[in-house]
Structures are given as structure tokens and as C-alpha cells.
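Peer 1: Below is the file final_0.cif, which contains mmCIF, C-alpha atoms.
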data_query
#
loop_
_atom_site.label_atom_id
_atom_site.label_comp_id
_atom_site.auth_asym_id
_atom_site.auth_seq_id
_atom_site.Cartn_x
_atom_site.Cartn_y
_atom_site.Cartn_z
CA ASP A 1 4.27 -33.60 41.06
CA ALA A 2 4.96 -33.49 37.34
CA GLY A 3 2.42 -35.21 35.18
CA VAL A 4 2.97 -37.04 31.93
CA ILE A 5 5.04 -34.84 29.65
CA GLN A 6 4.72 -35.01 25.88
CA SER A 7 6.63 -33.20 23.20
CA PRO A 8 6.16 -31.53 20.88
CA ARG A 9 2.73 -30.08 21.56
CA HIS A 10 2.17 -29.42 17.87
CA GLU A 11 3.90 -30.88 14.84
CA VAL A 12 3.31 -29.93 11.23
CA THR A 13 5.27 -31.74 8.58
CA GLU A 14 5.06 -32.83 4.99
CA MET A 15 4.01 -36.23 3.79
CA GLY A 16 6.86 -38.68 3.64
CA GLN A 17 8.82 -37.17 6.50
CA GLU A 18 9.72 -39.05 9.64
CA VAL A 19 7.87 -37.96 12.77
CA THR A 20 8.95 -38.71 16.33
CA LEU A 21 6.70 -38.08 19.29
CA ARG A 22 8.13 -38.18 22.81
CA CYS A 23 6.75 -39.03 26.21
CA LYS A 24 8.00 -38.91 29.77
CA PRO A 25 5.71 -40.87 32.12
CA ILE A 26 5.06 -40.07 35.75
CA SER A 27 7.97 -41.22 37.86
CA GLY A 28 7.32 -44.65 39.37
CA HIS A 29 4.58 -45.62 36.95
CA ASP A 30 5.20 -49.00 35.34
CA TYR A 31 2.66 -48.87 32.51
CA LEU A 32 2.85 -46.55 29.51
CA PHE A 33 0.23 -46.20 26.79
CA TRP A 34 0.07 -44.51 23.40
CA TYR A 35 -3.35 -43.45 22.08
CA ARG A 36 -4.51 -41.77 18.90
CA GLN A 37 -7.58 -39.54 18.78
CA THR A 38 -9.43 -38.68 15.58
CA MET A 39 -12.93 -37.43 14.89
CA MET A 40 -13.80 -40.55 12.93
CA ARG A 41 -12.40 -43.22 15.22
CA GLY A 42 -12.33 -41.57 18.63
CA LEU A 43 -9.66 -42.65 21.10
CA GLU A 44 -7.75 -45.75 20.06
CA LEU A 45 -5.05 -47.56 21.98
CA LEU A 46 -2.04 -48.06 19.75
CA ILE A 47 0.40 -49.86 22.05
CA TYR A 48 1.25 -50.22 25.70
CA PHE A 49 4.33 -51.13 27.72
CA ASN A 50 4.82 -52.71 31.10
CA ASN A 51 8.22 -52.22 32.74
CA ASN A 52 9.56 -50.95 29.39
CA VAL A 53 8.46 -54.09 27.52
CA PRO A 54 5.81 -53.84 24.79
CA ILE A 55 2.81 -55.91 25.85
CA ASP A 56 0.20 -55.30 23.19
CA ASP A 57 0.82 -53.56 19.89
CA SER A 58 -2.29 -54.83 18.15
CA GLY A 59 -3.56 -51.28 17.75
CA MET A 60 -0.58 -50.07 15.76
CA PRO A 61 -2.07 -49.35 12.35
CA GLU A 62 0.76 -50.55 10.16
CA ASP A 63 4.48 -51.04 9.84
CA ARG A 64 5.06 -47.34 9.38
CA PHE A 65 4.39 -46.96 13.10
CA SER A 66 6.89 -48.04 15.73
CA ALA A 67 7.24 -47.38 19.46
CA LYS A 68 10.11 -47.83 21.86
CA MET A 69 10.68 -47.46 25.57
CA PRO A 70 14.43 -47.57 26.19
CA ASN A 71 14.06 -46.82 29.90
CA ALA A 72 11.41 -46.20 32.53
CA SER A 73 11.33 -42.46 31.96
CA PHE A 74 11.14 -42.15 28.20
CA SER A 75 9.18 -43.46 25.23
CA THR A 76 8.92 -42.56 21.57
CA LEU A 77 6.33 -43.14 18.89
CA LYS A 78 7.73 -42.89 15.39
CA ILE A 79 5.96 -42.69 12.05
CA GLN A 80 8.05 -43.26 8.95
CA PRO A 81 7.05 -42.34 6.31
CA SER A 82 4.18 -40.14 7.45
CA GLU A 83 0.93 -39.80 5.50
CA PRO A 84 -1.91 -37.24 5.67
CA ARG A 85 -4.21 -39.85 7.24
CA ASP A 86 -1.87 -39.99 10.23
CA SER A 87 -3.02 -36.50 11.21
CA ALA A 88 -4.49 -36.79 14.71
CA VAL A 89 -3.87 -36.00 18.34
CA TYR A 90 -1.54 -38.53 19.94
CA PHE A 91 -1.73 -39.04 23.68
CA CYS A 92 0.66 -40.74 26.02
CA ALA A 93 -0.60 -42.00 29.39
CA SER A 94 0.93 -43.81 32.34
CA SER A 95 -0.35 -45.72 35.33
CA LEU A 96 0.71 -47.66 38.39
CA GLY A 97 -0.32 -51.10 37.28
CA ARG A 98 0.17 -53.11 40.43
CA GLN A 99 -2.81 -51.27 41.87
CA THR A 100 -5.20 -52.11 39.09
CA ASN A 101 -7.83 -49.60 40.12
CA GLN A 102 -5.43 -46.75 39.57
CA PRO A 103 -6.40 -44.61 36.61
CA GLN A 104 -4.30 -43.73 33.65
CA HIS A 105 -2.87 -40.22 33.71
CA PHE A 106 -2.70 -38.53 30.34
CA GLY A 107 -0.29 -36.05 28.86
CA ASP A 108 -1.50 -32.97 27.01
CA GLY A 109 -1.16 -34.71 23.66
CA THR A 110 0.65 -33.91 20.44
CA ARG A 111 -1.43 -32.51 17.60
CA LEU A 112 0.11 -33.91 14.43
CA SER A 113 -0.69 -32.48 11.02
CA ILE A 114 0.70 -34.15 7.92
CA LEU A 115 0.40 -31.99 4.82
CA ALA B 1 -14.25 -57.85 23.24
CA GLN B 2 -15.58 -55.04 25.32
CA THR B 3 -17.50 -52.14 23.80
CA VAL B 4 -18.60 -48.83 25.28
CA THR B 5 -21.47 -46.81 23.86
CA GLN B 6 -22.36 -43.20 24.53
CA SER B 7 -25.63 -42.53 22.79
CA GLN B 8 -25.68 -38.74 23.20
CA PRO B 9 -23.21 -37.05 20.83
CA GLU B 10 -24.06 -33.59 22.17
CA MET B 11 -25.88 -32.06 25.11
CA SER B 12 -26.48 -28.51 26.24
CA VAL B 13 -27.84 -27.16 29.54
CA GLN B 14 -28.01 -23.88 31.40
CA GLU B 15 -25.57 -23.04 34.14
CA ALA B 16 -26.62 -24.40 37.57
CA GLU B 17 -28.81 -27.12 36.04
CA THR B 18 -28.26 -30.82 36.56
CA VAL B 19 -27.30 -32.95 33.58
CA THR B 20 -26.93 -36.70 33.12
CA LEU B 21 -24.69 -38.30 30.52
CA SER B 22 -25.42 -41.88 29.47
CA CYS B 23 -23.03 -44.76 28.99
CA THR B 24 -23.64 -48.43 28.36
CA TYR B 25 -21.07 -51.17 27.92
CA ASP B 26 -20.89 -54.75 26.89
CA THR B 27 -18.67 -57.28 28.60
CA SER B 28 -18.61 -60.87 29.79
CA GLU B 29 -16.28 -59.96 32.66
CA SER B 30 -17.64 -59.90 36.20
CA ASN B 31 -14.94 -57.69 37.70
CA TYR B 32 -13.91 -54.48 36.04
CA TYR B 33 -13.52 -50.72 36.43
CA LEU B 34 -15.43 -47.88 34.83
CA PHE B 35 -14.23 -44.31 34.41
CA TRP B 36 -15.44 -40.95 33.22
CA TYR B 37 -12.82 -38.68 31.68
CA LYS B 38 -13.30 -35.03 30.77
CA GLN B 39 -11.56 -33.37 27.83
CA PRO B 40 -11.95 -29.57 27.83
CA PRO B 41 -10.99 -27.45 24.82
CA SER B 42 -7.44 -27.38 26.18
CA ARG B 43 -7.27 -31.03 25.07
CA GLN B 44 -6.20 -32.51 28.42
CA MET B 45 -7.77 -35.80 29.45
CA ILE B 46 -8.82 -35.42 33.07
CA LEU B 47 -10.19 -38.19 35.25
CA VAL B 48 -13.55 -37.19 36.69
CA ILE B 49 -14.68 -40.27 38.58
CA ARG B 50 -14.16 -44.04 38.74
CA GLN B 51 -16.21 -47.01 39.87
CA GLU B 52 -15.21 -50.55 40.81
CA ALA B 53 -17.78 -53.04 39.56
CA TYR B 54 -17.68 -55.05 42.78
CA LYS B 55 -18.84 -52.03 44.78
CA GLN B 56 -22.58 -51.54 44.95
CA GLN B 57 -22.29 -48.01 46.24
CA ASN B 58 -22.25 -45.38 43.53
CA ALA B 59 -19.11 -43.25 43.40
CA THR B 60 -19.32 -39.51 44.05
CA GLU B 61 -16.80 -36.68 43.68
CA ASN B 62 -18.19 -33.35 44.78
CA ARG B 63 -20.73 -32.31 42.12
CA PHE B 64 -20.13 -35.46 40.08
CA SER B 65 -21.84 -38.76 40.78
CA VAL B 66 -22.57 -41.94 38.89
CA ASN B 67 -25.52 -44.27 38.62
CA PHE B 68 -23.99 -47.70 38.17
CA GLN B 69 -26.43 -50.43 37.18
CA LYS B 70 -24.36 -53.59 36.81
CA ALA B 71 -27.15 -55.84 35.59
CA ALA B 72 -28.15 -53.34 32.95
CA LYS B 73 -24.49 -52.59 32.12
CA SER B 74 -25.18 -48.91 32.51
CA PHE B 75 -22.89 -46.23 33.94
CA SER B 76 -24.31 -42.71 33.75
CA LEU B 77 -22.65 -39.53 35.00
CA LYS B 78 -24.65 -36.85 36.80
CA ILE B 79 -23.29 -33.34 37.10
CA SER B 80 -25.10 -31.22 39.67
CA ASP B 81 -25.08 -27.42 39.78
CA SER B 82 -23.31 -27.32 36.42
CA GLN B 83 -20.68 -24.66 35.85
CA LEU B 84 -19.27 -23.02 32.73
CA GLY B 85 -16.01 -24.85 33.37
CA ASP B 86 -17.80 -28.16 32.94
CA THR B 87 -18.02 -27.51 29.20
CA ALA B 88 -16.03 -30.33 27.62
CA MET B 89 -16.10 -33.69 25.87
CA TYR B 90 -16.88 -36.47 28.32
CA PHE B 91 -15.67 -40.01 27.70
CA CYS B 92 -16.84 -43.15 29.41
CA ALA B 93 -14.20 -45.89 29.64
CA PHE B 94 -13.97 -49.56 30.67
CA MET B 95 -11.06 -51.59 31.97
CA LYS B 96 -10.92 -55.24 32.97
CA GLN B 97 -9.81 -55.89 36.52
CA ALA B 98 -7.42 -58.68 35.72
CA GLY B 99 -4.85 -58.93 33.01
CA ALA B 100 -4.53 -56.19 30.44
CA GLN B 101 -4.57 -52.59 31.55
CA LYS B 102 -6.31 -51.50 28.38
CA LEU B 103 -8.92 -48.76 28.52
CA VAL B 104 -11.78 -49.00 26.05
CA PHE B 105 -13.39 -45.63 25.40
CA GLY B 106 -16.82 -44.60 24.19
CA GLN B 107 -17.18 -42.07 21.39
CA GLY B 108 -17.77 -39.20 23.78
CA THR B 109 -20.50 -36.68 24.56
CA ARG B 110 -19.91 -32.99 23.90
CA LEU B 111 -21.41 -31.07 26.81
CA THR B 112 -21.97 -27.33 26.64
CA ILE B 113 -22.93 -25.30 29.70
CA ASN B 114 -24.62 -22.06 28.70
CA PRO B 115 -24.56 -18.92 30.87
#
Rewrite the structure of this file - the entire thing - as C-alpha cells.

Peer 2:
Amino acid sequence: DAGVIQSPRHEVTEMGQEVTLRCKPISGHDYLFWYRQTMMRGLELLIYFNNNVPIDDSGMPEDRFSAKMPNASFSTLKIQPSEPRDSAVYFCASSLGRQTNQPQHFGDGTRLSIL
Amino acid sequence: AQTVTQSQPEMSVQEAETVTLSCTYDTSESNYYLFWYKQPPSRQMILVIRQEAYKQQNATENRFSVNFQKAAKSFSLKISDSQLGDTAMYFCAFMKQAGAQKLVFGQGTRLTINP
């Protein structure tokens, strides 16, 4: 079975540019999560969705960040405008929430570098 | 709010040795789940083992086992007969049983298995 698919795997762009990260969750999973990983702050939950609806976005750092889930098989995390401090690895994960002991399955992450 | 603490930033052992990684957590919840995730240099986040707090029996998965001490809020991971492929960052994580599906991660322990 296909796991969580993220694209791109690497992204290098200049400060001020718009960045869009993409995620395809595992088919049938009803929860989707976006995490950011940095050396300083570790793994932080940015936002998560249940049945395509944002449930908790309290981890989104500021208005420059936005996330959408237009359907059950696709989500985006957008940064506009990007800043060097946004450089990090961004992970998407999905899970089958109605069985609450089911773990979250992670994608391979997107390494984002803002110059 | 829940917190997860991994007090060992780095550990190093020889191949075939047994190693134990420590994790403590703080919560007022009585029912919850605990996880250990492995992140090798390839950057994937891989579930190693999980434990339901209501179960007294410690979880095991082949060479991986946990020592779950609910009263002490401790959740250590033991790796037996360590292998070179076990070299990775290991993250302990907490999730409440009811309500939000949010994972709270510790800062991680970098484990190196030496030949």
C-alpha cells in the first residue's frame, strides 16, 4: 500500500517567494497532520484536519502560513511570503482516527531552505 | 498541557549490545497512548512500538521492548542485540486517548550503533 506522499522532497527558494508543500494521505485515513521539524524546536504540530476540516491550527506560527484540504486525498501547506527562519523539514502525517490507538503514518518530509 | 522529556540527547553503543533510551512525560490524563518513533538519516519517521496506558503488560516488537511505569510517568525503550541499522534519532511521543489526536514529541535521542 502507498504511504503518505509528500512533494517536493526538497525546495530551495529565495526569501519573499511563495512556497507550497503538498501531501497525499493514505487512502481511507480521516486525519491529516502537518508538522515542522527544526533543530531548535524539535517536532511541532502546525495544524491538523479531520474529514477535511481544520480542527486545530494553534501551532501555525503566523499569518504567513496557511493550510488547506480541499478533498480527502490532498492537502497543501503554503507560506507567503517565505522567510529564512521558515527553513525546516515539514512532515505530513495521516491516521485512522476512529480507532484512536492507531498511529500516525508520516511522509518522507519536505526539506525547505529559504535563502 | 502534556510534556515529554528525553533526557539523553545522544547515546552510543557497540553492535549486539543492549541499550535503553529514557522518556518521561507529564499529564493529568488517566488514559492515553505512548509511542516510540525512529528517524534514520533518510529522514523517515517510522513507528517502532506503541503502548496503551490502560494495559499493564509492556509492549514488545521483536528486539524492541518498553518499560512502562505509569505511576512514575516513565516510558523507556530497550533495544536488544542492537544492529547498525538501529542508528537513528528516536522520539518518544504522547497522545491523549480521547479528543484531540495530537502527538506531543520529546526532543529526541540520537543513537549510534558502532561496529

Peer 1: Return the single residue from B:Phe75, B:Phe105, B:Phe68, B:Phe94 that is closest to Tyr33 of chain B, with distances computed using all atoms listed in the file.

Peer 2: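 Answer, going by the shortest atom-to-atom distance: B:Phe94.
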
Peer 1: Could you build a table of the residues in chain B lying no more than 12 Å from chain A, giving for each the nearest pair of atoms and their separation in Å rounded to one decimal place, using only C-alpha atoms, ordered by chain and ascending residue number, as a Markdown table?

Peer 2:
| residue | atom | partner | partner_atom | distance |
| --- | --- | --- | --- | --- |
| B:Val4 | CA | A:Leu43 | CA | 11.6 |
| B:Thr5 | CA | A:Gly42 | CA | 11.8 |
| B:Gln6 | CA | A:Gly42 | CA | 11.8 |
| B:Pro9 | CA | A:Met39 | CA | 11.9 |
| B:Asn31 | CA | A:Asn101 | CA | 11.0 |
| B:Tyr32 | CA | A:Asn101 | CA | 8.8 |
| B:Tyr33 | CA | A:Asn101 | CA | 6.9 |
| B:Leu34 | CA | A:Asn101 | CA | 9.4 |
| B:Phe35 | CA | A:Pro103 | CA | 8.1 |
| B:Trp36 | CA | A:Pro103 | CA | 10.3 |
| B:Tyr37 | CA | A:Pro103 | CA | 10.0 |
| B:Lys38 | CA | A:Phe106 | CA | 11.2 |
| B:Gln39 | CA | A:Asp108 | CA | 10.1 |
| B:Pro40 | CA | A:Asp108 | CA | 11.0 |
| B:Pro41 | CA | A:Asp108 | CA | 11.2 |
| B:Ser42 | CA | A:Asp108 | CA | 8.2 |
| B:Arg43 | CA | A:Asp108 | CA | 6.4 |
| B:Gln44 | CA | A:Asp108 | CA | 4.9 |
| B:Met45 | CA | A:Phe106 | CA | 5.8 |
| B:Ile46 | CA | A:Phe106 | CA | 7.4 |
| B:Leu47 | CA | A:Pro103 | CA | 7.6 |
| B:Val48 | CA | A:Pro103 | CA | 10.3 |
| B:Ile49 | CA | A:Pro103 | CA | 9.6 |
| B:Arg50 | CA | A:Pro103 | CA | 8.1 |
| B:Gln51 | CA | A:Asn101 | CA | 8.8 |
| B:Glu52 | CA | A:Asn101 | CA | 7.5 |
| B:Ala53 | CA | A:Asn101 | CA | 10.5 |
| B:Tyr54 | CA | A:Asn101 | CA | 11.6 |
| B:Met89 | CA | A:Gly42 | CA | 11.3 |
| B:Tyr90 | CA | A:Gly42 | CA | 11.9 |
| B:Phe91 | CA | A:Leu43 | CA | 9.3 |
| B:Cys92 | CA | A:Leu43 | CA | 11.0 |
| B:Ala93 | CA | A:Leu43 | CA | 10.2 |
| B:Phe94 | CA | A:Pro103 | CA | 10.8 |
| B:Met95 | CA | A:Asn101 | CA | 9.0 |
| B:Lys96 | CA | A:Thr100 | CA | 8.9 |
| B:Gln97 | CA | A:Thr100 | CA | 6.5 |
| B:Ala98 | CA | A:Thr100 | CA | 7.7 |
| B:Gly99 | CA | A:Thr100 | CA | 9.1 |
| B:Ala100 | CA | A:Ile55 | CA | 8.7 |
| B:Gln101 | CA | A:Gly97 | CA | 7.3 |
| B:Lys102 | CA | A:Leu45 | CA | 7.6 |
| B:Leu103 | CA | A:Leu45 | CA | 7.7 |
| B:Val104 | CA | A:Glu44 | CA | 7.9 |
| B:Phe105 | CA | A:Leu43 | CA | 6.4 |
| B:Gly106 | CA | A:Gly42 | CA | 7.8 |
| B:Gln107 | CA | A:Gly42 | CA | 5.6 |
| B:Gly108 | CA | A:Gly42 | CA | 7.9 |
| B:Thr109 | CA | A:Gly42 | CA | 11.2 |

Peer 1: Report the distance between atom CA of Phe65 of chain A and atom CA of Pro8 of chain A in Å, rounded to one decimal place.

Peer 2: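 These two atoms are separated by 17.4 Å.
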
Peer 1: Any chance you could work out the residue set of the PyMOL selection byres ((chain A and resi 5) around 8) here, as a count of residues only?

Peer 2: 10

Peer 1: Around all of segment 41-59 of chain A's listed atoms, make the axis-aligned box with 5 Å on each side and tell me centre and edge lengths in Å to one decimal, as lines of an AutoDock Vina configuration file.

Peer 2:
center_x = -1.4
center_y = -48.7
center_z = 24.0
size_x = 32.0
size_y = 24.3
size_z = 27.5

Peer 1: Expanded to explicit residues, what is the PyMOL selection byres ((chain A and resi 72-86) around 10) for this file, as an MDAnalysis selection string?

Peer 2: chainID A and resid 4:7 13:34 36 38 46:47 49:53 61:71 87:90 92 112:115

Peer 1: How would you write, as a list in words, the residues chosen by the PyMOL selection byres ((chain B and resi 67) around 8) on this structure?

Peer 2: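 Residues picked by the PyMOL selection byres ((chain B and resi 67) around 8): Asn58, Ser65, Val66, Phe68, Gln69, Ser74, Phe75, Ser76, Leu77 and Lys78 of chain B.
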
Peer 1: Would you mind reading off the distance between atom CA of Lys55 of chain B and atom CA of Lys70 of chain B, one decimal, in Å?

Peer 2: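 Interatomic distance here is 9.8 Å.
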
Peer 1: Separation of atom CA of Cys23 of chain B and atom CA of Met60 of chain A, in Å?

Peer 2: 26.6 Å
